[in-house]
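One structure is given below, encoded as structure tokens.
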Amino acid sequence: MPDRSLTFIIGGARAGMWGHAETLATALPPPWAYIATAEAYDDEMRERIALHRSRRGEGWATIDAPLDLVGALEALPDNQPVLVDCLTLWLTNHMLSDHDLEAECRRLADMLSRPRGPWLVVSNEVGQGIVPDNALARRFRDAAGRLNQQVAAVADTVLLMVAGLPLKVK
């Protein structure tokens, strides 16, 4: 993996994106940054966050960035490997905060187009199922699809995870 590159890892729920991203990151010299976008709104999410934290070993610095992902990326030192998990939670946080999604997504895509180290970004593919039955879910699906396209367009490498296996798309 080049010193300054963006690898975009996308897939469905439980397809193995995070595990593969972690494997790619830890193949690089530490320290590694883990930028977490999740917010613990309920017990289940608190458990998920705790599980992710427990799986990361020595060498990881966790940065919580549920909204200001661009700021978190800007604050990283050059050449530091980073794993961003995940864009769909970040997008959800902005939707729930009633922010301008198009502006936030453009700002993020612009930042990701200029990686200052080996950056690995995880997102969920949410548009391959049925059309959601409510307007909010359809709005989320559409916004996630547009964001994923923007990030894939600027990525050096795009991996689609299927059943734990990476398929190189770009």
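As shown in the structure tokens, the chain order sets the letters A, B, ...; within each chain, residues go from 1, and ligands are also counted from 1 in the order they appear.
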
message = Residues of segment 6-169 of chain A classed as alpha helix (DSSP H) by DSSP on the backbone are to be reported as an MDAnalysis selection string.
response = chainID A and resid 17:26 43:55 69:75 87:96 101:112 135:154

From segment 25-169 of chain A, collect each residue whose DSSP state is strand (DSSP E) and return the set as a PDB file with all heavy atoms, in the first residue's frame.
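Writing done, so here's selection_31.pdb:
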ATOM      1  N   TRP A  32      -1.259   3.212  14.763  1.00  0.00           N
ATOM      2  CA  TRP A  32      -2.418   3.270  13.890  1.00  0.00           C
ATOM      3  C   TRP A  32      -3.492   4.115  14.567  1.00  0.00           C
ATOM      4  O   TRP A  32      -3.664   4.059  15.780  1.00  0.00           O
ATOM      5  CB  TRP A  32      -2.997   1.883  13.620  1.00  0.00           C
ATOM      6  CG  TRP A  32      -1.972   0.871  13.229  1.00  0.00           C
ATOM      7  CD1 TRP A  32      -1.288   0.810  12.052  1.00  0.00           C
ATOM      8  CD2 TRP A  32      -1.509  -0.225  14.020  1.00  0.00           C
ATOM      9  NE1 TRP A  32      -0.438  -0.270  12.048  1.00  0.00           N
ATOM     10  CE2 TRP A  32      -0.552  -0.917  13.255  1.00  0.00           C
ATOM     11  CE3 TRP A  32      -1.803  -0.685  15.306  1.00  0.00           C
ATOM     12  CZ2 TRP A  32       0.101  -2.056  13.722  1.00  0.00           C
ATOM     13  CZ3 TRP A  32      -1.147  -1.809  15.772  1.00  0.00           C
ATOM     14  CH2 TRP A  32      -0.201  -2.477  14.990  1.00  0.00           C
ATOM     15  N   ALA A  33      -4.215   4.862  13.766  1.00  0.00           N
ATOM     16  CA  ALA A  33      -5.340   5.651  14.290  1.00  0.00           C
ATOM     17  C   ALA A  33      -6.631   4.958  13.872  1.00  0.00           C
ATOM     18  O   ALA A  33      -6.772   4.525  12.730  1.00  0.00           O
ATOM     19  CB  ALA A  33      -5.314   7.069  13.743  1.00  0.00           C
ATOM     20  N   TYR A  34      -7.542   4.863  14.807  1.00  0.00           N
ATOM     21  CA  TYR A  34      -8.878   4.324  14.544  1.00  0.00           C
ATOM     22  C   TYR A  34      -9.846   5.476  14.784  1.00  0.00           C
ATOM     23  O   TYR A  34      -9.974   5.957  15.909  1.00  0.00           O
ATOM     24  CB  TYR A  34      -9.181   3.166  15.490  1.00  0.00           C
ATOM     25  CG  TYR A  34     -10.563   2.573  15.305  1.00  0.00           C
ATOM     26  CD1 TYR A  34     -10.773   1.541  14.412  1.00  0.00           C
ATOM     27  CD2 TYR A  34     -11.652   3.059  16.022  1.00  0.00           C
ATOM     28  CE1 TYR A  34     -12.034   0.991  14.240  1.00  0.00           C
ATOM     29  CE2 TYR A  34     -12.915   2.527  15.849  1.00  0.00           C
ATOM     30  CZ  TYR A  34     -13.094   1.490  14.959  1.00  0.00           C
ATOM     31  OH  TYR A  34     -14.343   0.961  14.778  1.00  0.00           O
ATOM     32  N   ILE A  35     -10.464   5.953  13.714  1.00  0.00           N
ATOM     33  CA  ILE A  35     -11.440   7.039  13.859  1.00  0.00           C
ATOM     34  C   ILE A  35     -12.824   6.409  13.893  1.00  0.00           C
ATOM     35  O   ILE A  35     -13.271   5.814  12.913  1.00  0.00           O
ATOM     36  CB  ILE A  35     -11.328   8.085  12.741  1.00  0.00           C
ATOM     37  CG1 ILE A  35      -9.919   8.688  12.732  1.00  0.00           C
ATOM     38  CG2 ILE A  35     -12.394   9.163  12.930  1.00  0.00           C
ATOM     39  CD1 ILE A  35      -9.704   9.752  11.665  1.00  0.00           C
ATOM     40  N   ALA A  36     -13.456   6.528  15.047  1.00  0.00           N
ATOM     41  CA  ALA A  36     -14.768   5.930  15.283  1.00  0.00           C
ATOM     42  C   ALA A  36     -15.857   6.975  15.092  1.00  0.00           C
ATOM     43  O   ALA A  36     -15.770   8.071  15.640  1.00  0.00           O
ATOM     44  CB  ALA A  36     -14.835   5.360  16.697  1.00  0.00           C
ATOM     45  N   TRP A  60      -2.913   1.107  18.795  1.00  0.00           N
ATOM     46  CA  TRP A  60      -4.066   1.832  18.248  1.00  0.00           C
ATOM     47  C   TRP A  60      -4.381   3.053  19.119  1.00  0.00           C
ATOM     48  O   TRP A  60      -4.453   2.949  20.337  1.00  0.00           O
ATOM     49  CB  TRP A  60      -5.306   0.948  18.228  1.00  0.00           C
ATOM     50  CG  TRP A  60      -5.302  -0.066  17.136  1.00  0.00           C
ATOM     51  CD1 TRP A  60      -4.923  -1.383  17.259  1.00  0.00           C
ATOM     52  CD2 TRP A  60      -5.681   0.116  15.781  1.00  0.00           C
ATOM     53  NE1 TRP A  60      -5.049  -2.017  16.051  1.00  0.00           N
ATOM     54  CE2 TRP A  60      -5.521  -1.124  15.122  1.00  0.00           C
ATOM     55  CE3 TRP A  60      -6.141   1.204  15.048  1.00  0.00           C
ATOM     56  CZ2 TRP A  60      -5.795  -1.303  13.776  1.00  0.00           C
ATOM     57  CZ3 TRP A  60      -6.425   1.026  13.704  1.00  0.00           C
ATOM     58  CH2 TRP A  60      -6.250  -0.212  13.078  1.00  0.00           C
ATOM     59  N   ALA A  61      -4.609   4.179  18.463  1.00  0.00           N
ATOM     60  CA  ALA A  61      -5.136   5.372  19.134  1.00  0.00           C
ATOM     61  C   ALA A  61      -6.552   5.569  18.606  1.00  0.00           C
ATOM     62  O   ALA A  61      -6.757   5.660  17.397  1.00  0.00           O
ATOM     63  CB  ALA A  61      -4.280   6.584  18.812  1.00  0.00           C
ATOM     64  N   THR A  62      -7.520   5.614  19.507  1.00  0.00           N
ATOM     65  CA  THR A  62      -8.913   5.796  19.096  1.00  0.00           C
ATOM     66  C   THR A  62      -9.279   7.264  19.157  1.00  0.00           C
ATOM     67  O   THR A  62      -9.037   7.938  20.158  1.00  0.00           O
ATOM     68  CB  THR A  62      -9.857   4.978  19.998  1.00  0.00           C
ATOM     69  OG1 THR A  62      -9.504   3.594  19.880  1.00  0.00           O
ATOM     70  CG2 THR A  62     -11.304   5.165  19.589  1.00  0.00           C
ATOM     71  N   ILE A  63      -9.875   7.727  18.075  1.00  0.00           N
ATOM     72  CA  ILE A  63     -10.337   9.112  17.971  1.00  0.00           C
ATOM     73  C   ILE A  63     -11.830   9.053  17.693  1.00  0.00           C
ATOM     74  O   ILE A  63     -12.258   8.465  16.697  1.00  0.00           O
ATOM     75  CB  ILE A  63      -9.614   9.849  16.819  1.00  0.00           C
ATOM     76  CG1 ILE A  63      -8.105   9.817  17.045  1.00  0.00           C
ATOM     77  CG2 ILE A  63     -10.156  11.263  16.656  1.00  0.00           C
ATOM     78  CD1 ILE A  63      -7.288  10.064  15.799  1.00  0.00           C
ATOM     79  N   ASP A  64     -12.628   9.622  18.573  1.00  0.00           N
ATOM     80  CA  ASP A  64     -14.074   9.659  18.368  1.00  0.00           C
ATOM     81  C   ASP A  64     -14.422  10.882  17.531  1.00  0.00           C
ATOM     82  O   ASP A  64     -14.104  12.008  17.903  1.00  0.00           O
ATOM     83  CB  ASP A  64     -14.807   9.699  19.708  1.00  0.00           C
ATOM     84  CG  ASP A  64     -14.666   8.391  20.464  1.00  0.00           C
ATOM     85  OD1 ASP A  64     -14.918   7.331  19.858  1.00  0.00           O
ATOM     86  OD2 ASP A  64     -14.293   8.423  21.654  1.00  0.00           O
ATOM     87  N   VAL A  82      -4.531   5.064   9.097  1.00  0.00           N
ATOM     88  CA  VAL A  82      -5.797   5.347   9.780  1.00  0.00           C
ATOM     89  C   VAL A  82      -6.879   4.442   9.226  1.00  0.00           C
ATOM     90  O   VAL A  82      -6.914   4.149   8.035  1.00  0.00           O
ATOM     91  CB  VAL A  82      -6.197   6.838   9.648  1.00  0.00           C
ATOM     92  CG1 VAL A  82      -6.432   7.229   8.215  1.00  0.00           C
ATOM     93  CG2 VAL A  82      -7.430   7.140  10.480  1.00  0.00           C
ATOM     94  N   LEU A  83      -7.736   3.999  10.114  1.00  0.00           N
ATOM     95  CA  LEU A  83      -8.922   3.226   9.746  1.00  0.00           C
ATOM     96  C   LEU A  83     -10.129   4.037  10.199  1.00  0.00           C
ATOM     97  O   LEU A  83     -10.253   4.347  11.385  1.00  0.00           O
ATOM     98  CB  LEU A  83      -8.886   1.864  10.453  1.00  0.00           C
ATOM     99  CG  LEU A  83      -9.878   0.797  10.022  1.00  0.00           C
ATOM    100  CD1 LEU A  83      -9.478  -0.555  10.610  1.00  0.00           C
ATOM    101  CD2 LEU A  83     -11.296   1.085  10.344  1.00  0.00           C
ATOM    102  N   VAL A  84     -10.994   4.399   9.264  1.00  0.00           N
ATOM    103  CA  VAL A  84     -12.221   5.142   9.569  1.00  0.00           C
ATOM    104  C   VAL A  84     -13.381   4.156   9.545  1.00  0.00           C
ATOM    105  O   VAL A  84     -13.622   3.489   8.542  1.00  0.00           O
ATOM    106  CB  VAL A  84     -12.481   6.266   8.541  1.00  0.00           C
ATOM    107  CG1 VAL A  84     -13.825   6.941   8.805  1.00  0.00           C
ATOM    108  CG2 VAL A  84     -11.343   7.277   8.547  1.00  0.00           C
ATOM    109  N   ASP A  85     -14.102   4.073  10.644  1.00  0.00           N
ATOM    110  CA  ASP A  85     -15.220   3.128  10.769  1.00  0.00           C
ATOM    111  C   ASP A  85     -16.412   3.848  11.387  1.00  0.00           C
ATOM    112  O   ASP A  85     -16.379   4.155  12.558  1.00  0.00           O
ATOM    113  CB  ASP A  85     -14.782   1.957  11.637  1.00  0.00           C
ATOM    114  CG  ASP A  85     -15.795   0.831  11.680  1.00  0.00           C
ATOM    115  OD1 ASP A  85     -16.667   0.773  10.793  1.00  0.00           O
ATOM    116  OD2 ASP A  85     -15.708   0.013  12.603  1.00  0.00           O
ATOM    117  N   PRO A 118      -1.574   6.232   4.572  1.00  0.00           N
ATOM    118  CA  PRO A 118      -2.413   5.123   4.134  1.00  0.00           C
ATOM    119  C   PRO A 118      -3.739   5.161   4.911  1.00  0.00           C
ATOM    120  O   PRO A 118      -3.771   4.863   6.104  1.00  0.00           O
ATOM    121  CB  PRO A 118      -1.581   3.877   4.459  1.00  0.00           C
ATOM    122  CG  PRO A 118      -0.605   4.307   5.499  1.00  0.00           C
ATOM    123  CD  PRO A 118      -0.433   5.790   5.369  1.00  0.00           C
ATOM    124  N   TRP A 119      -4.782   5.573   4.241  1.00  0.00           N
ATOM    125  CA  TRP A 119      -6.096   5.719   4.872  1.00  0.00           C
ATOM    126  C   TRP A 119      -7.011   4.610   4.380  1.00  0.00           C
ATOM    127  O   TRP A 119      -7.142   4.376   3.174  1.00  0.00           O
ATOM    128  CB  TRP A 119      -6.702   7.074   4.536  1.00  0.00           C
ATOM    129  CG  TRP A 119      -6.018   8.245   5.185  1.00  0.00           C
ATOM    130  CD1 TRP A 119      -4.948   8.236   6.024  1.00  0.00           C
ATOM    131  CD2 TRP A 119      -6.377   9.619   5.027  1.00  0.00           C
ATOM    132  NE1 TRP A 119      -4.617   9.509   6.394  1.00  0.00           N
ATOM    133  CE2 TRP A 119      -5.483  10.384   5.805  1.00  0.00           C
ATOM    134  CE3 TRP A 119      -7.357  10.273   4.307  1.00  0.00           C
ATOM    135  CZ2 TRP A 119      -5.544  11.764   5.885  1.00  0.00           C
ATOM    136  CZ3 TRP A 119      -7.423  11.659   4.378  1.00  0.00           C
ATOM    137  CH2 TRP A 119      -6.527  12.401   5.170  1.00  0.00           C
ATOM    138  N   LEU A 120      -7.670   3.948   5.322  1.00  0.00           N
ATOM    139  CA  LEU A 120      -8.641   2.899   5.033  1.00  0.00           C
ATOM    140  C   LEU A 120      -9.992   3.364   5.545  1.00  0.00           C
ATOM    141  O   LEU A 120     -10.122   3.706   6.725  1.00  0.00           O
ATOM    142  CB  LEU A 120      -8.228   1.602   5.736  1.00  0.00           C
ATOM    143  CG  LEU A 120      -6.852   1.098   5.309  1.00  0.00           C
ATOM    144  CD1 LEU A 120      -5.985   0.859   6.519  1.00  0.00           C
ATOM    145  CD2 LEU A 120      -6.983  -0.133   4.469  1.00  0.00           C
ATOM    146  N   VAL A 121     -10.978   3.395   4.673  1.00  0.00           N
ATOM    147  CA  VAL A 121     -12.289   3.918   5.020  1.00  0.00           C
ATOM    148  C   VAL A 121     -13.326   2.833   4.780  1.00  0.00           C
ATOM    149  O   VAL A 121     -13.400   2.271   3.688  1.00  0.00           O
ATOM    150  CB  VAL A 121     -12.615   5.185   4.207  1.00  0.00           C
ATOM    151  CG1 VAL A 121     -14.022   5.674   4.510  1.00  0.00           C
ATOM    152  CG2 VAL A 121     -11.590   6.271   4.494  1.00  0.00           C
ATOM    153  N   VAL A 122     -14.133   2.557   5.801  1.00  0.00           N
ATOM    154  CA  VAL A 122     -15.156   1.515   5.743  1.00  0.00           C
ATOM    155  C   VAL A 122     -16.535   2.151   5.598  1.00  0.00           C
ATOM    156  O   VAL A 122     -16.829   3.175   6.222  1.00  0.00           O
ATOM    157  CB  VAL A 122     -15.107   0.652   7.028  1.00  0.00           C
ATOM    158  CG1 VAL A 122     -16.269  -0.330   7.094  1.00  0.00           C
ATOM    159  CG2 VAL A 122     -13.778  -0.075   7.133  1.00  0.00           C
ATOM    160  N   SER A 123     -17.369   1.515   4.768  1.00  0.00           N
ATOM    161  CA  SER A 123     -18.749   1.949   4.617  1.00  0.00           C
ATOM    162  C   SER A 123     -19.625   0.740   4.335  1.00  0.00           C
ATOM    163  O   SER A 123     -19.131  -0.321   3.943  1.00  0.00           O
ATOM    164  CB  SER A 123     -18.875   2.961   3.477  1.00  0.00           C
ATOM    165  OG  SER A 123     -20.168   3.554   3.470  1.00  0.00           O
ATOM    166  N   ASN A 124     -20.901   0.921   4.522  1.00  0.00           N
ATOM    167  CA  ASN A 124     -21.871  -0.142   4.246  1.00  0.00           C
ATOM    168  C   ASN A 124     -22.544   0.102   2.911  1.00  0.00           C
ATOM    169  O   ASN A 124     -22.900   1.234   2.579  1.00  0.00           O
ATOM    170  CB  ASN A 124     -22.949  -0.185   5.334  1.00  0.00           C
ATOM    171  CG  ASN A 124     -22.394  -0.696   6.635  1.00  0.00           C
ATOM    172  OD1 ASN A 124     -22.234  -1.881   6.824  1.00  0.00           O
ATOM    173  ND2 ASN A 124     -22.078   0.226   7.531  1.00  0.00           N
ATOM    174  N   THR A 157      -8.040   2.568  -4.245  1.00  0.00           N
ATOM    175  CA  THR A 157      -8.455   1.168  -4.278  1.00  0.00           C
ATOM    176  C   THR A 157      -9.843   1.077  -3.677  1.00  0.00           C
ATOM    177  O   THR A 157     -10.125   1.709  -2.657  1.00  0.00           O
ATOM    178  CB  THR A 157      -7.491   0.289  -3.449  1.00  0.00           C
ATOM    179  OG1 THR A 157      -6.167   0.444  -3.971  1.00  0.00           O
ATOM    180  CG2 THR A 157      -7.891  -1.179  -3.481  1.00  0.00           C
ATOM    181  N   VAL A 158     -10.708   0.278  -4.299  1.00  0.00           N
ATOM    182  CA  VAL A 158     -12.034  -0.009  -3.757  1.00  0.00           C
ATOM    183  C   VAL A 158     -12.162  -1.513  -3.633  1.00  0.00           C
ATOM    184  O   VAL A 158     -11.957  -2.245  -4.613  1.00  0.00           O
ATOM    185  CB  VAL A 158     -13.165   0.541  -4.655  1.00  0.00           C
ATOM    186  CG1 VAL A 158     -14.533   0.170  -4.089  1.00  0.00           C
ATOM    187  CG2 VAL A 158     -13.040   2.054  -4.816  1.00  0.00           C
ATOM    188  N   LEU A 159     -12.472  -1.968  -2.418  1.00  0.00           N
ATOM    189  CA  LEU A 159     -12.676  -3.382  -2.152  1.00  0.00           C
ATOM    190  C   LEU A 159     -14.123  -3.605  -1.744  1.00  0.00           C
ATOM    191  O   LEU A 159     -14.639  -2.906  -0.876  1.00  0.00           O
ATOM    192  CB  LEU A 159     -11.746  -3.869  -1.035  1.00  0.00           C
ATOM    193  CG  LEU A 159     -10.243  -3.698  -1.270  1.00  0.00           C
ATOM    194  CD1 LEU A 159      -9.468  -4.122  -0.030  1.00  0.00           C
ATOM    195  CD2 LEU A 159      -9.794  -4.484  -2.489  1.00  0.00           C
ATOM    196  N   LEU A 160     -14.758  -4.586  -2.359  1.00  0.00           N
ATOM    197  CA  LEU A 160     -16.105  -4.997  -1.988  1.00  0.00           C
ATOM    198  C   LEU A 160     -15.968  -6.279  -1.197  1.00  0.00           C
ATOM    199  O   LEU A 160     -15.413  -7.259  -1.691  1.00  0.00           O
ATOM    200  CB  LEU A 160     -16.967  -5.222  -3.236  1.00  0.00           C
ATOM    201  CG  LEU A 160     -18.350  -5.835  -2.999  1.00  0.00           C
ATOM    202  CD1 LEU A 160     -19.232  -4.880  -2.194  1.00  0.00           C
ATOM    203  CD2 LEU A 160     -19.002  -6.184  -4.334  1.00  0.00           C
ATOM    204  N   MET A 161     -16.473  -6.259   0.037  1.00  0.00           N
ATOM    205  CA  MET A 161     -16.397  -7.452   0.887  1.00  0.00           C
ATOM    206  C   MET A 161     -17.664  -8.271   0.707  1.00  0.00           C
ATOM    207  O   MET A 161     -18.775  -7.750   0.816  1.00  0.00           O
ATOM    208  CB  MET A 161     -16.235  -7.056   2.352  1.00  0.00           C
ATOM    209  CG  MET A 161     -14.952  -6.318   2.658  1.00  0.00           C
ATOM    210  SD  MET A 161     -13.442  -7.251   2.335  1.00  0.00           S
ATOM    211  CE  MET A 161     -13.618  -8.609   3.464  1.00  0.00           C
ATOM    212  N   VAL A 162     -17.483  -9.553   0.443  1.00  0.00           N
ATOM    213  CA  VAL A 162     -18.593 -10.494   0.293  1.00  0.00           C
ATOM    214  C   VAL A 162     -18.242 -11.734   1.104  1.00  0.00           C
ATOM    215  O   VAL A 162     -17.219 -12.380   0.844  1.00  0.00           O
ATOM    216  CB  VAL A 162     -18.828 -10.874  -1.186  1.00  0.00           C
ATOM    217  CG1 VAL A 162     -19.959 -11.886  -1.315  1.00  0.00           C
ATOM    218  CG2 VAL A 162     -19.113  -9.633  -2.028  1.00  0.00           C
ATOM    219  N   LEU A 165     -14.731 -12.099   2.164  1.00  0.00           N
ATOM    220  CA  LEU A 165     -13.703 -12.112   1.130  1.00  0.00           C
ATOM    221  C   LEU A 165     -13.670 -10.787   0.388  1.00  0.00           C
ATOM    222  O   LEU A 165     -14.713 -10.274  -0.024  1.00  0.00           O
ATOM    223  CB  LEU A 165     -13.980 -13.233   0.126  1.00  0.00           C
ATOM    224  CG  LEU A 165     -14.032 -14.644   0.717  1.00  0.00           C
ATOM    225  CD1 LEU A 165     -14.483 -15.631  -0.328  1.00  0.00           C
ATOM    226  CD2 LEU A 165     -12.679 -15.027   1.288  1.00  0.00           C
ATOM    227  N   PRO A 166     -12.455 -10.224   0.180  1.00  0.00           N
ATOM    228  CA  PRO A 166     -12.350  -8.961  -0.542  1.00  0.00           C
ATOM    229  C   PRO A 166     -12.324  -9.188  -2.044  1.00  0.00           C
ATOM    230  O   PRO A 166     -11.602 -10.039  -2.560  1.00  0.00           O
ATOM    231  CB  PRO A 166     -11.017  -8.400  -0.064  1.00  0.00           C
ATOM    232  CG  PRO A 166     -10.200  -9.612   0.272  1.00  0.00           C
ATOM    233  CD  PRO A 166     -11.173 -10.647   0.753  1.00  0.00           C
ATOM    234  N   LEU A 167     -13.156  -8.418  -2.738  1.00  0.00           N
ATOM    235  CA  LEU A 167     -13.128  -8.408  -4.199  1.00  0.00           C
ATOM    236  C   LEU A 167     -12.659  -7.033  -4.635  1.00  0.00           C
ATOM    237  O   LEU A 167     -13.256  -6.018  -4.253  1.00  0.00           O
ATOM    238  CB  LEU A 167     -14.531  -8.671  -4.759  1.00  0.00           C
ATOM    239  CG  LEU A 167     -15.175  -9.998  -4.365  1.00  0.00           C
ATOM    240  CD1 LEU A 167     -16.627 -10.031  -4.838  1.00  0.00           C
ATOM    241  CD2 LEU A 167     -14.386 -11.145  -4.943  1.00  0.00           C
ATOM    242  N   LYS A 168     -11.593  -6.988  -5.412  1.00  0.00           N
ATOM    243  CA  LYS A 168     -11.066  -5.690  -5.851  1.00  0.00           C
ATOM    244  C   LYS A 168     -11.953  -5.162  -6.978  1.00  0.00           C
ATOM    245  O   LYS A 168     -12.122  -5.792  -8.014  1.00  0.00           O
ATOM    246  CB  LYS A 168      -9.629  -5.804  -6.317  1.00  0.00           C
ATOM    247  CG  LYS A 168      -9.007  -4.455  -6.599  1.00  0.00           C
ATOM    248  CD  LYS A 168      -7.519  -4.545  -6.817  1.00  0.00           C
ATOM    249  CE  LYS A 168      -6.971  -3.128  -7.002  1.00  0.00           C
ATOM    250  NZ  LYS A 168      -5.531  -3.141  -7.147  1.00  0.00           N
TER     251      LYS A 168
END

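For the choices A:Leu96, A:Ala155, A:Arg106, A:Cys86, the atom-to-atom distance to Leu136 of chain A is smallest for A:Leu96 when using only C-alpha atoms.
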
ask   = For His94 of chain A, which of A:Ala50, A:Ala135, A:Ala38, A:Met17 is the closest residue, counting only C-alpha atoms?
value = A:Ala38

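For the residues A:Ala25, A:Ile10, A:Leu67, A:Ala15, ranking by smallest atom-to-atom distance to Thr92 of chain A using only C-alpha atoms places A:Leu67 first.
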
key: atom CA of Val151 of chain A to atom CA of Ala109 of chain A, distance in Å rounded to a single decimal   = 5.6 Å

Set the distance at 8 Å and use only C-alpha atoms: which residues neighbour Asp156 of chain A once local chain neighbours fewer than 2 positions away are removed? I'd like the list as a compact mmCIF listing (two decimals) with C-alpha atoms, in the first residue's frame.
# COMPACT_ATOMS: atom_id res chain seq x y z
CA SER A 5 -3.44 6.32 -0.54
CA LEU A 6 -7.13 5.86 0.09
CA THR A 7 -8.54 2.36 0.28
CA PHE A 8 -12.33 2.25 0.38
CA VAL A 154 -11.53 9.52 -5.23
CA VAL A 158 -12.03 -0.01 -3.76
CA LYS A 170 -10.88 -0.57 -8.43

remark   = note - atom CA of Gly19 of chain A and atom CA of Arg139 of chain A are separated by 28.3 Å
